[in-house]
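> Encoded as structure tokens, here's the structure I'll be asking about.
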Amino acid sequence: MAQTVQTTAPVSTEVLSHPTPLHEFWLAYRANKGALIALAYLVILVLAALLAPLIAPHSPSEQFRDFMLTPPSWMHEGHARFLLGTDELGRDILSRLMHGARLSLMIGLVSVIVSLIPGIALGLLAAFYPGWLGTAIMRLMDIMLALPSLLLAIAIVAVLGPGLVNTMLALSIVTLPSYVRLTRASAMAELSKDYVIAAKLSGAGKVRLMFNTVLPNCMAPLIVQATLGFSSAILDTAALGFLGLGVQPPLPEWGTMLAAARDYIERAWWVVTMPGVTILITVLALNLMGDGLRDALDPKLKRLA
Amino acid sequence: MIRFLLRRIGVVIPTFLGITLLAFSLIHLIPGDPILVMMGERHIDPEFYKLSMQKLGLDQPLYLQYWHYLTHALHGDLGVSVRSQVPVMQEFLTLFPATVELSICAMIFATIVGLGAGIIAAVKRGSVADHGVMGVALAGYSMPIFWWGLILIMVFSVQLGLTPVSGRIDLLYDVTPVTGLMLVDTLLAHDMDAFKSALEHLILPSIVLGTIPMAVIARMTRSSMLEVLREDYIRTARAKGLSTTRIVLVHGLRNALMPVVTVIGLQVGTLLAGAVLTETIFSWPGVGSWLINAIGARDYPVVQGGILLIATLIIFVNLLVDVLYGIINPRIRHAR
Amino acid sequence: MKQMKAGLALASVLALATGASLAAGKTLIYCSEGSPAGFDPARYTAGTDFDASAETVYNRLVEFVPGSTQIRPGLADKWEVSADGRTYTFSLHKGVKFHTTPYFKPTRDFNADDVVFTFARLTDKNLPFNKASNATYPYASDMGMDSNIAKVEKVDPYTVKVTLNKVDAAFLQNIAMSFASVMSAEYADQLLKAGKAEQINTQPIGTGPFIFQAYQKDSVIRYNGNPDYWRKGEVKLDKLIFAITTDPSVRYQKLQKGECQIMSYPRPADLKAMQSNPALKVPSQAGFNLGYVSYNVTHKPLDKVEVRQALDMAINKKAIIDAVYQGAGQLATNPMPPTQWSYNKTLKDAPLDVAKAKALLAKAGLPNGFEITLWAMPVQRPYNPNAKLMAEMIQNDWAKIGVKAKIVTYEWGEYLKRARAGEDDAMLIGWNGDNGDPDNWLGTLLGCEAVDGNNYAKWCQKDFNDLIVKARSLPNQAERTKLYEQAQVIFKREVPFTPVAHSTVYQPMRKEVDGFKISPFGLNSFYGVGLK
């Protein structure tokens, strides 16, 4: 989303009289205050994640064994060195959260991309070949949708074993059907439109038709879905980590941190609260941004909001 | 109508077969086996191991195992739990009411709060109340519910002592299970104290499990309500001088309810997934925690059976929603 | 905060007082850690399963003294051992009644037929009862009972003779274990005739202090006190209820609120708060277990004793006990707990010394260290409350001497299978004593014949093995002790594994609970427990 901000500036100076679609989009997006705040938070989060090795106060795995379970710095027994306190091994929670952001964002990004690309391809295939191929694809998606996504993810992780890569893989498989269905539905709607028929008549090949003609016009709902998919990937990663099936310690994934911290909930509220609040705010921001994007991209819905 | 029904059911059958295959193959791909897990650090005599696998029928070729599984499953026989030697179906049926009771209470909470909040937000559009409600709804929608559960237990049960920590009822009440739904069973036993205890035990888990559906319903109600409020007949009613409350409740709500009902139907999957986490946190004896434990113990028949039953349930509910929708809205029937 | 907690505790005691008046008489609620798989103790290997059946419903011929590893007479009043040590003659207690329940009414007292059936079931695959049920008996097989018991004969209705194939110094200890719980032959016959042999696993009938009443999976087990229990005066409760609560934090919260009176397996992190809570008491006992780091001596460079010594002395055990066990552990030096007879008290740990460890590595030709895998169990075990945390700490310690450890974990069953196959370099594992015999430590964990099994170090050393094989066949405890002490010296020199800790068993309960004894074997039993 940092990209969106950069690209708007040159575009708006280039075309002065007529706002480009991108500029128009930005104006619409900007109107939504919540979405704007969310965007700001996410930019900060991304920066913190990217620069974590440079700006984090400590190494995420360094154990200060004399400072185990130190409360946050503003509390009475707190220590200025550890802004958000330390965990059961004396590791700095703030540093772990910053490094954890790298993991969570990476898992979200990778699982969305790994799911989005085959999802689009399968969805377009299903739309262009509604015969046995389309039916087969859609039946397969029905099967996957018959299980709640978290349960399916748990089952997949049980097969592959817990860990970072397997978590991403499981989450991509789980979210595949939603992209396939969405792509197919929007592609079907586009297929009957005049411009597609015109392109067909002018002799465009199937592949060209799929990717150059139809796909760009299906992107809006897909972008929104991808944003929401990103947030649910972060939530599901945390849930898997919490059940002990996700990313394994000592990696500072937020859900895993939460699971490990659960033992200390009575003695040290901050070890449980900090990762929990971070997950909540991040997911909230992503959802707000998703709402903002949807409103900005889809004028019909915007009217309602 | 019958053709529509048949077509829908025709789609369900291959899906169901796919699920059986999926459940079956998943299990055989999972590393480790029940004997290994049970024996833990202990030594396993190779002969003993062979005998055990044989008793479990795990020494047969895979396709035979699948065929057995499928034919038995179609007769309602999902095999016997490796660990407890109790039929999977029987275990499921004793645990399922607990999940149902929790889900229903969560849904009641979600619907009442969600509808109320959604209506208020729509009517007072743009006000502080609207922003507040929508903010809370969005937060609820983004909630990591396992964390939410921990915090609620910590605050309400441990610090304030207002609600019980876990379980379905105070165990000093010995309630004979009739329906398996604790609220109903205590009423059947005419024990109001026990009923109260069961109700108290349901509060926190219902809130935790109901949080996400509540948020979804609130958002959905608001937007469909806004759409309806713009319709001509509402304007007419307003022009006729009917009171706002009357317009909203009689005309608006009835028409806005349609998409909301669909959403409620579609939340069944979310509920079951949430149940896995909620039941783990509250030691709730339902199918969610049962399934997780079975995966841990590599109890193949339970995992297979559990996945199959949950999937069947969801397929069935979706079919029901579809058909209901088709009955209410004939256009959909013909569109497919 | 503290005041509020005290007020809370008082309120909950009051609530308990009013709540208890609902159920007639004395009811004890025990927050247990999980659902038992069934109620036939011979089929299982875990404490959770034994607590729910062997420790409540059943008795054995010989039993462990509550809270100890010593044995005392159970359903057998006394026994004689033949001169060659292979024949045991048991005289049975008279007038013992099996439970009367809605599903079984005994017509006779306990006698020799029941004992013969009990052992036949464990040893004879072709017994009609075994053919009818789906059961296998893993623990009996693991302890060598199925192969070593040659025959079990009824001499008269109250005398039974057991003949062994070879001398087993630990035989009496073995049959005091849960799997050898005495079943009713009459009940088994009745089930077999009705074609419901499996019911023995869901509706147990025994002679024990509590009568099984009802079980709801993942929720509750209910027992009634046995008014006719043969050990007079031991049953002080009218009802015993297991509230199945899988999460330890939740168990503690329930205990605090008086929703139960005793709980199992507290989290070490909660212990301090428990001890300062005026409504609770937290008796403890040194655990009969050992958590250790095993070195696979078939992998290079762990085959070199210097390397193992270096790794051993680099581990900061004290820090581990503070962080992982939260102080609820005892530093381990020997491959058995100090309460085990024949424990060699003279052995000392090599002092924590990074420089010396580096020197040892250099001597082994590895001055720049090396890389290995360090396996961490995916599950919590009684001897190791948090293997991942322990692994992280050891990783940190080893990094100081230049050894880079990569932490690896697998699903529990897979973990053990791969470890037995020797895929690990170094791994965390442990052991709980089964029967209080030294061979159950040295032979089981380090003997040559266990190389494909529990000897995860794959360490087969001739001098050591000769000593323990010889000790196994001697009847005299003093002579055996000498040999085992020597064996421990060899162990300490060769370091096939680093003993880390014996975790202390804590049993939090409310103050009103009276007479509870902590079992060294990690079981939870309610013999003689009452409420004040």
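If you're wondering about the labels, chains in the structure tokens are A, B, ... by order shown, residues count from 1 in each chain, ligands from 1 in order shown.
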Please list as a ChimeraX atom specification every residue within 10 Å of range 101-112 of chain C, counting only C-alpha atoms and excluding residues in the same chain fewer than 6 positions away.
/C:75,90-95,118,152-161,182-187,190-191,203-207,211-213
> Would you list the contacts of Glu306 in chain C as a ChimeraX atom specification, taking every protein, DNA or RNA residue within 10 Å and counting only C-alpha atoms, but skipping same-chain residues closer than 2 positions in sequence?
/C:301-304,308-312,357,359-365,494-495
> Select from chain C every residue with an atom at most 10 Å from any atom of chain A, then for each give the shortest pair of atoms and their distance in Å to one decimal, using only C-alpha atoms, rows by chain and rising number, as a Markdown table.

| residue | atom | partner | partner_atom | distance |
| --- | --- | --- | --- | --- |
| C:Asp247 | CA | A:Asp263 | CA | 9.8 |
| C:Pro248 | CA | A:Asp263 | CA | 8.3 |
| C:Ser249 | CA | A:Asp263 | CA | 6.7 |
| C:Gln253 | CA | A:Glu266 | CA | 9.5 |
| C:Arg267 | CA | A:Asp263 | CA | 6.8 |
| C:Pro268 | CA | A:Asp263 | CA | 8.5 |
| C:Ala269 | CA | A:Tyr264 | CA | 6.1 |
| C:Asp270 | CA | A:Tyr264 | CA | 7.4 |
| C:Lys272 | CA | A:Arg267 | CA | 9.3 |
| C:Ala273 | CA | A:Arg267 | CA | 7.9 |
| C:Ala319 | CA | A:Arg65 | CA | 8.2 |
| C:Asp322 | CA | A:Arg65 | CA | 9.8 |
| C:Ala323 | CA | A:Leu89 | CA | 6.8 |
| C:Val324 | CA | A:Leu89 | CA | 9.0 |
| C:Gln326 | CA | A:Glu88 | CA | 9.9 |
| C:Pro378 | CA | A:Gly244 | CA | 8.5 |
| C:Val379 | CA | A:Gly244 | CA | 9.5 |
| C:Asn386 | CA | A:Ala260 | CA | 9.5 |
| C:Lys388 | CA | A:Pro249 | CA | 6.9 |
| C:Leu389 | CA | A:Pro250 | CA | 7.9 |
| C:Ala391 | CA | A:Pro250 | CA | 9.3 |
| C:Glu392 | CA | A:Pro250 | CA | 6.8 |
| C:Met393 | CA | A:Gln63 | CA | 8.6 |
| C:Asn396 | CA | A:Gln63 | CA | 8.5 |
| C:Ile407 | CA | A:Pro250 | CA | 9.0 |
| C:Val408 | CA | A:Gln248 | CA | 9.6 |
| C:Thr409 | CA | A:Pro162 | CA | 8.7 |
| C:Tyr410 | CA | A:Gly161 | CA | 6.9 |
| C:Glu411 | CA | A:Gly161 | CA | 6.8 |
| C:Glu414 | CA | A:Gly161 | CA | 10.0 |
> Save out the residues we just selected, N, CA and C atoms, as a short mmCIF file (atom, residue, chain, number, x, y, z; two decimals), in the first residue's frame.

data_model
loop_
_atom_site.label_atom_id
_atom_site.label_comp_id
_atom_site.auth_asym_id
_atom_site.auth_seq_id
_atom_site.Cartn_x
_atom_site.Cartn_y
_atom_site.Cartn_z
N ASP C 247 -6.80 -27.68 30.49
CA ASP C 247 -5.83 -26.59 30.57
C ASP C 247 -5.40 -26.33 32.01
N PRO C 248 -4.09 -26.35 32.27
CA PRO C 248 -3.62 -26.19 33.65
C PRO C 248 -3.96 -24.84 34.25
N SER C 249 -3.97 -23.78 33.45
CA SER C 249 -4.33 -22.47 34.02
C SER C 249 -5.78 -22.49 34.46
N GLN C 253 -7.50 -21.87 38.07
CA GLN C 253 -8.57 -20.90 38.29
C GLN C 253 -9.78 -21.55 38.97
N ARG C 267 0.91 -25.64 36.45
CA ARG C 267 2.00 -25.04 35.68
C ARG C 267 3.03 -24.52 36.68
N PRO C 268 4.29 -24.79 36.43
CA PRO C 268 5.31 -24.27 37.36
C PRO C 268 5.16 -22.78 37.58
N ALA C 269 4.73 -22.06 36.53
CA ALA C 269 4.64 -20.60 36.64
C ALA C 269 3.62 -20.16 37.69
N ASP C 270 2.64 -21.03 37.98
CA ASP C 270 1.60 -20.63 38.92
C ASP C 270 1.94 -20.94 40.37
N LYS C 272 4.12 -20.08 42.66
CA LYS C 272 4.35 -19.05 43.67
C LYS C 272 3.04 -18.46 44.16
N ALA C 273 2.17 -18.16 43.19
CA ALA C 273 0.88 -17.59 43.56
C ALA C 273 0.07 -18.58 44.39
N ALA C 319 20.13 -22.47 35.52
CA ALA C 319 19.27 -21.51 34.83
C ALA C 319 18.05 -22.22 34.25
N ASP C 322 15.56 -22.85 36.93
CA ASP C 322 14.84 -21.62 37.27
C ASP C 322 13.78 -21.27 36.23
N ALA C 323 14.14 -21.34 34.95
CA ALA C 323 13.23 -20.83 33.91
C ALA C 323 12.23 -21.89 33.46
N VAL C 324 12.72 -23.10 33.18
CA VAL C 324 11.83 -24.12 32.64
C VAL C 324 10.98 -24.74 33.74
N GLN C 326 10.73 -23.46 36.72
CA GLN C 326 10.34 -22.40 37.65
C GLN C 326 10.71 -22.77 39.09
N PRO C 378 7.54 -32.17 21.24
CA PRO C 378 6.45 -31.23 20.98
C PRO C 378 5.44 -31.19 22.12
N VAL C 379 5.60 -32.04 23.11
CA VAL C 379 4.58 -32.16 24.16
C VAL C 379 5.16 -31.88 25.52
N ASN C 386 8.45 -27.95 29.64
CA ASN C 386 8.50 -27.10 28.45
C ASN C 386 9.78 -27.38 27.67
N LYS C 388 10.52 -27.02 24.54
CA LYS C 388 10.97 -26.02 23.57
C LYS C 388 11.80 -24.94 24.25
N LEU C 389 11.31 -24.53 25.42
CA LEU C 389 12.03 -23.51 26.18
C LEU C 389 13.40 -24.05 26.59
N ALA C 391 15.14 -26.30 25.12
CA ALA C 391 15.98 -26.38 23.93
C ALA C 391 16.55 -25.01 23.58
N GLU C 392 15.70 -23.97 23.70
CA GLU C 392 16.19 -22.62 23.39
C GLU C 392 17.32 -22.23 24.32
N MET C 393 17.20 -22.64 25.58
CA MET C 393 18.24 -22.26 26.54
C MET C 393 19.53 -23.03 26.29
N ASN C 396 21.34 -21.65 23.39
CA ASN C 396 22.04 -20.44 23.81
C ASN C 396 23.35 -20.78 24.53
N ILE C 407 17.28 -26.28 16.37
CA ILE C 407 16.20 -26.95 17.10
C ILE C 407 15.22 -27.60 16.12
N VAL C 408 14.97 -28.87 16.34
CA VAL C 408 14.11 -29.64 15.45
C VAL C 408 12.99 -30.24 16.28
N THR C 409 11.80 -30.29 15.71
CA THR C 409 10.74 -30.99 16.43
C THR C 409 9.83 -31.70 15.45
N TYR C 410 9.20 -32.75 15.89
CA TYR C 410 8.24 -33.50 15.09
C TYR C 410 7.02 -33.78 15.92
N GLU C 411 5.98 -34.22 15.25
CA GLU C 411 4.80 -34.71 15.96
C GLU C 411 5.29 -35.81 16.90
N GLU C 414 5.95 -39.39 15.74
CA GLU C 414 7.00 -39.34 14.74
C GLU C 414 8.36 -39.06 15.40
#
> What residues in chain B have any atom no more than 9 Å from chain A when counting only C-alpha atoms, and can you write them as a PyMOL selection string?
chain B and resi 11-12+14-19+22+26-31+138-148+150-151+154+223-224+226-227+268-274+276-277+280+292+295-296+307-308+310-315
> Could you write out that same residue set with C-alpha atoms as a short mmCIF file (atom, residue, chain, number, x, y, z; two decimals), in the first residue's frame?

data_model
loop_
_atom_site.label_atom_id
_atom_site.label_comp_id
_atom_site.auth_asym_id
_atom_site.auth_seq_id
_atom_site.Cartn_x
_atom_site.Cartn_y
_atom_site.Cartn_z
CA VAL B 11 -24.24 -31.45 -6.64
CA VAL B 12 -24.01 -32.56 -3.04
CA PRO B 14 -19.93 -35.84 -5.49
CA THR B 15 -18.96 -33.26 -2.89
CA PHE B 16 -19.74 -35.75 -0.17
CA LEU B 17 -17.73 -38.50 -1.87
CA GLY B 18 -14.86 -36.05 -2.26
CA ILE B 19 -15.02 -35.32 1.46
CA LEU B 22 -10.22 -36.22 1.54
CA LEU B 26 -5.55 -36.83 5.04
CA ILE B 27 -5.31 -39.34 7.81
CA HIS B 28 -3.01 -41.65 5.96
CA LEU B 29 -0.74 -38.77 5.09
CA ILE B 30 -0.40 -37.73 8.71
CA PRO B 31 2.92 -38.98 10.08
CA LEU B 138 -15.09 -4.00 13.20
CA ALA B 139 -13.04 -4.69 16.30
CA GLY B 140 -15.18 -7.75 16.98
CA TYR B 141 -14.68 -8.90 13.43
CA SER B 142 -10.92 -8.57 13.84
CA MET B 143 -10.78 -10.27 17.23
CA PRO B 144 -8.38 -13.13 17.84
CA ILE B 145 -11.01 -15.02 19.83
CA PHE B 146 -8.59 -17.27 21.70
CA TRP B 147 -7.03 -14.18 23.23
CA TRP B 148 -10.44 -12.62 23.84
CA LEU B 150 -8.39 -15.64 27.95
CA ILE B 151 -8.91 -11.99 28.78
CA MET B 154 -9.11 -13.43 33.58
CA SER B 223 -26.11 -1.91 5.26
CA SER B 224 -29.26 -3.79 4.26
CA LEU B 226 -29.80 1.54 4.87
CA GLU B 227 -30.69 0.14 1.48
CA VAL B 268 -22.34 -22.16 10.75
CA GLY B 269 -18.86 -22.84 9.40
CA THR B 270 -17.41 -19.90 11.30
CA LEU B 271 -19.10 -21.16 14.45
CA LEU B 272 -17.67 -24.65 14.12
CA ALA B 273 -14.18 -23.33 13.46
CA GLY B 274 -14.53 -20.94 16.38
CA VAL B 276 -12.39 -25.50 18.17
CA LEU B 277 -10.72 -22.55 19.87
CA THR B 280 -10.15 -25.56 24.02
CA ILE B 292 -8.05 -31.57 18.13
CA ILE B 295 -5.39 -35.39 15.81
CA GLY B 296 -2.86 -35.30 18.62
CA ILE B 307 -14.20 -34.32 9.62
CA LEU B 308 -16.82 -36.23 7.67
CA ILE B 310 -18.73 -31.73 10.37
CA ALA B 311 -18.47 -31.40 6.61
CA THR B 312 -21.76 -33.22 6.13
CA LEU B 313 -23.36 -30.89 8.60
CA ILE B 314 -22.12 -27.81 6.79
CA ILE B 315 -23.11 -29.17 3.40
#
> When DSSP is applied to the backbone of this structure, which of range 229-267 of chain C are assigned alpha helix (DSSP H)? Write them out as a ChimeraX atom specification.
/C:248-256
> Restricting the calculation to only C-alpha atoms, which member of C:Cys448, C:Val96, C:Val116, C:Leu523 is positioned closest to Asp49 in chain C?
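Smallest separation from Asp49 in chain C among the options: C:Leu523.
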> Can you tell me, as a list in words, what residues are no more than 10 Å from Leu84 in chain A when counting only C-alpha atoms, ignoring any on the same chain fewer than 5 positions away?
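Residues meeting the cut-off are Thr70, Pro71, Pro72, Ser73, Trp74, Met75, Gly78, His79, Asp92, Ile93, Leu94, Ser95, Leu97, Trp270, Val271 and Met274 of chain A.
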> What's the 9 Å shell around Lys254 in chain C, counting only C-alpha atoms, without same-chain residues fewer than 3 positions away, as a VMD selection string?
(chain B and resid 158 164 to 166) or (chain C and resid 31 249 to 251 257 to 261 263)
> Would you mind reading off the distance between CA of Thr99 in chain B and CA of Ala275 in chain B, one decimal, in Å?
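CA of Ala275 in chain B lies 7.2 Å from CA of Thr99 in chain B.
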> Given only C-alpha atoms as the basis, pick out the residue of A:Ala296, A:Val207, A:Thr183, A:Ala268 nearest to Leu69 in chain A.
A:Ala268
> Check range 404-519 of chain C with DSSP on the backbone and list each residue it calls strand (DSSP E), as a list in words.
Lys404, Ala405, Lys406, Ile407, Val408, Ala426, Met427, Leu428, Ile429, Gly430, Trp431, Asn432, Phe497, Thr498, Pro499, Val500, Ala501, His502, Ser503, Val505, Tyr506, Met509, Arg510, Val513 and Asp514 of chain C
> Generate a file of the selected residues that holds N, CA and C atoms, formatted as a PDB file, in the first residue's frame.

ATOM      1  N   LYS C 404      26.767 -24.749  17.161  1.00  0.00           N
ATOM      2  CA  LYS C 404      25.512 -24.206  16.654  1.00  0.00           C
ATOM      3  C   LYS C 404      24.479 -25.313  16.633  1.00  0.00           C
ATOM      4  N   ALA C 405      23.457 -25.183  17.454  1.00  0.00           N
ATOM      5  CA  ALA C 405      22.415 -26.211  17.491  1.00  0.00           C
ATOM      6  C   ALA C 405      21.184 -25.715  16.760  1.00  0.00           C
ATOM      7  N   LYS C 406      20.644 -26.593  15.915  1.00  0.00           N
ATOM      8  CA  LYS C 406      19.414 -26.252  15.209  1.00  0.00           C
ATOM      9  C   LYS C 406      18.296 -27.013  15.908  1.00  0.00           C
ATOM     10  N   ILE C 407      17.280 -26.284  16.370  1.00  0.00           N
ATOM     11  CA  ILE C 407      16.195 -26.954  17.105  1.00  0.00           C
ATOM     12  C   ILE C 407      15.224 -27.595  16.123  1.00  0.00           C
ATOM     13  N   VAL C 408      14.967 -28.873  16.344  1.00  0.00           N
ATOM     14  CA  VAL C 408      14.108 -29.638  15.449  1.00  0.00           C
ATOM     15  C   VAL C 408      12.989 -30.243  16.283  1.00  0.00           C
ATOM     16  N   ALA C 426      21.370 -34.672  18.976  1.00  0.00           N
ATOM     17  CA  ALA C 426      21.130 -34.570  20.412  1.00  0.00           C
ATOM     18  C   ALA C 426      19.636 -34.367  20.581  1.00  0.00           C
ATOM     19  N   MET C 427      19.075 -34.907  21.642  1.00  0.00           N
ATOM     20  CA  MET C 427      17.637 -34.758  21.805  1.00  0.00           C
ATOM     21  C   MET C 427      17.245 -34.650  23.276  1.00  0.00           C
ATOM     22  N   LEU C 428      16.097 -33.995  23.476  1.00  0.00           N
ATOM     23  CA  LEU C 428      15.535 -33.934  24.821  1.00  0.00           C
ATOM     24  C   LEU C 428      14.556 -35.080  24.971  1.00  0.00           C
ATOM     25  N   ILE C 429      14.642 -35.752  26.089  1.00  0.00           N
ATOM     26  CA  ILE C 429      13.733 -36.855  26.366  1.00  0.00           C
ATOM     27  C   ILE C 429      13.767 -37.065  27.867  1.00  0.00           C
ATOM     28  N   GLY C 430      13.107 -38.087  28.348  1.00  0.00           N
ATOM     29  CA  GLY C 430      13.114 -38.317  29.790  1.00  0.00           C
ATOM     30  C   GLY C 430      12.432 -39.619  30.118  1.00  0.00           C
ATOM     31  N   TRP C 431      12.264 -39.852  31.403  1.00  0.00           N
ATOM     32  CA  TRP C 431      11.701 -41.130  31.830  1.00  0.00           C
ATOM     33  C   TRP C 431      11.023 -40.964  33.178  1.00  0.00           C
ATOM     34  N   ASN C 432       9.905 -41.684  33.345  1.00  0.00           N
ATOM     35  CA  ASN C 432       9.263 -41.778  34.652  1.00  0.00           C
ATOM     36  C   ASN C 432       9.460 -43.188  35.156  1.00  0.00           C
ATOM     37  N   PHE C 497      24.398 -39.382  28.095  1.00  0.00           N
ATOM     38  CA  PHE C 497      23.420 -38.289  28.140  1.00  0.00           C
ATOM     39  C   PHE C 497      23.691 -37.398  29.338  1.00  0.00           C
ATOM     40  N   THR C 498      23.170 -36.165  29.269  1.00  0.00           N
ATOM     41  CA  THR C 498      23.316 -35.225  30.370  1.00  0.00           C
ATOM     42  C   THR C 498      22.015 -35.191  31.164  1.00  0.00           C
ATOM     43  N   PRO C 499      22.033 -35.710  32.400  1.00  0.00           N
ATOM     44  CA  PRO C 499      20.817 -35.587  33.215  1.00  0.00           C
ATOM     45  C   PRO C 499      20.614 -34.120  33.544  1.00  0.00           C
ATOM     46  N   VAL C 500      19.414 -33.604  33.348  1.00  0.00           N
ATOM     47  CA  VAL C 500      19.193 -32.185  33.601  1.00  0.00           C
ATOM     48  C   VAL C 500      18.447 -31.961  34.914  1.00  0.00           C
ATOM     49  N   ALA C 501      17.287 -32.596  35.049  1.00  0.00           N
ATOM     50  CA  ALA C 501      16.504 -32.307  36.252  1.00  0.00           C
ATOM     51  C   ALA C 501      15.536 -33.426  36.574  1.00  0.00           C
ATOM     52  N   HIS C 502      15.234 -33.531  37.861  1.00  0.00           N
ATOM     53  CA  HIS C 502      14.105 -34.331  38.310  1.00  0.00           C
ATOM     54  C   HIS C 502      13.041 -33.326  38.678  1.00  0.00           C
ATOM     55  N   SER C 503      11.921 -33.342  37.982  1.00  0.00           N
ATOM     56  CA  SER C 503      10.929 -32.317  38.297  1.00  0.00           C
ATOM     57  C   SER C 503      10.225 -32.710  39.578  1.00  0.00           C
ATOM     58  N   VAL C 505       7.112 -32.975  42.036  1.00  0.00           N
ATOM     59  CA  VAL C 505       5.671 -33.090  41.854  1.00  0.00           C
ATOM     60  C   VAL C 505       4.971 -32.220  42.887  1.00  0.00           C
ATOM     61  N   TYR C 506       4.153 -31.307  42.428  1.00  0.00           N
ATOM     62  CA  TYR C 506       3.363 -30.459  43.313  1.00  0.00           C
ATOM     63  C   TYR C 506       1.902 -30.831  43.169  1.00  0.00           C
ATOM     64  N   MET C 509      -3.980 -28.147  46.458  1.00  0.00           N
ATOM     65  CA  MET C 509      -5.325 -28.514  46.911  1.00  0.00           C
ATOM     66  C   MET C 509      -5.804 -27.475  47.893  1.00  0.00           C
ATOM     67  N   ARG C 510      -7.111 -27.506  48.126  1.00  0.00           N
ATOM     68  CA  ARG C 510      -7.655 -26.568  49.111  1.00  0.00           C
ATOM     69  C   ARG C 510      -7.345 -27.078  50.514  1.00  0.00           C
ATOM     70  N   VAL C 513      -8.836 -30.295  52.305  1.00  0.00           N
ATOM     71  CA  VAL C 513      -8.552 -31.665  51.894  1.00  0.00           C
ATOM     72  C   VAL C 513      -7.568 -32.291  52.878  1.00  0.00           C
ATOM     73  N   ASP C 514      -7.855 -33.535  53.245  1.00  0.00           N
ATOM     74  CA  ASP C 514      -7.092 -34.161  54.311  1.00  0.00           C
ATOM     75  C   ASP C 514      -6.616 -35.540  53.864  1.00  0.00           C
TER      76      ASP C 514
END
> Near Gln488 in chain C, counting only C-alpha atoms, which residues have an atom at most 9 Å away, once you skip same-chain residues fewer than 3 positions from it, shown as a VMD selection string?
chain C and resid 334 to 335 343 to 344 347 442 464 483 to 485 491 to 493
> Using only C-alpha atoms, please write the residues we just selected to a file, as a PDB file, in the first residue's frame.

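Output (part_23.pdb):
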ATOM      1  CA  ASN C 334      22.822 -39.410  37.921  1.00  0.00           C
ATOM      2  CA  PRO C 335      20.704 -41.384  35.482  1.00  0.00           C
ATOM      3  CA  TYR C 343      21.624 -44.039  43.785  1.00  0.00           C
ATOM      4  CA  ASN C 344      25.339 -43.196  43.892  1.00  0.00           C
ATOM      5  CA  LEU C 347      29.027 -38.500  41.935  1.00  0.00           C
ATOM      6  CA  LEU C 442      19.964 -48.200  34.010  1.00  0.00           C
ATOM      7  CA  PHE C 464      28.511 -50.982  31.998  1.00  0.00           C
ATOM      8  CA  LEU C 483      27.007 -53.144  41.027  1.00  0.00           C
ATOM      9  CA  TYR C 484      24.601 -50.334  40.152  1.00  0.00           C
ATOM     10  CA  GLU C 485      26.788 -47.786  41.942  1.00  0.00           C
ATOM     11  CA  PHE C 491      27.969 -43.479  33.067  1.00  0.00           C
ATOM     12  CA  LYS C 492      29.278 -40.265  34.572  1.00  0.00           C
ATOM     13  CA  ARG C 493      32.669 -40.732  32.885  1.00  0.00           C
TER      14      ARG C 493
END
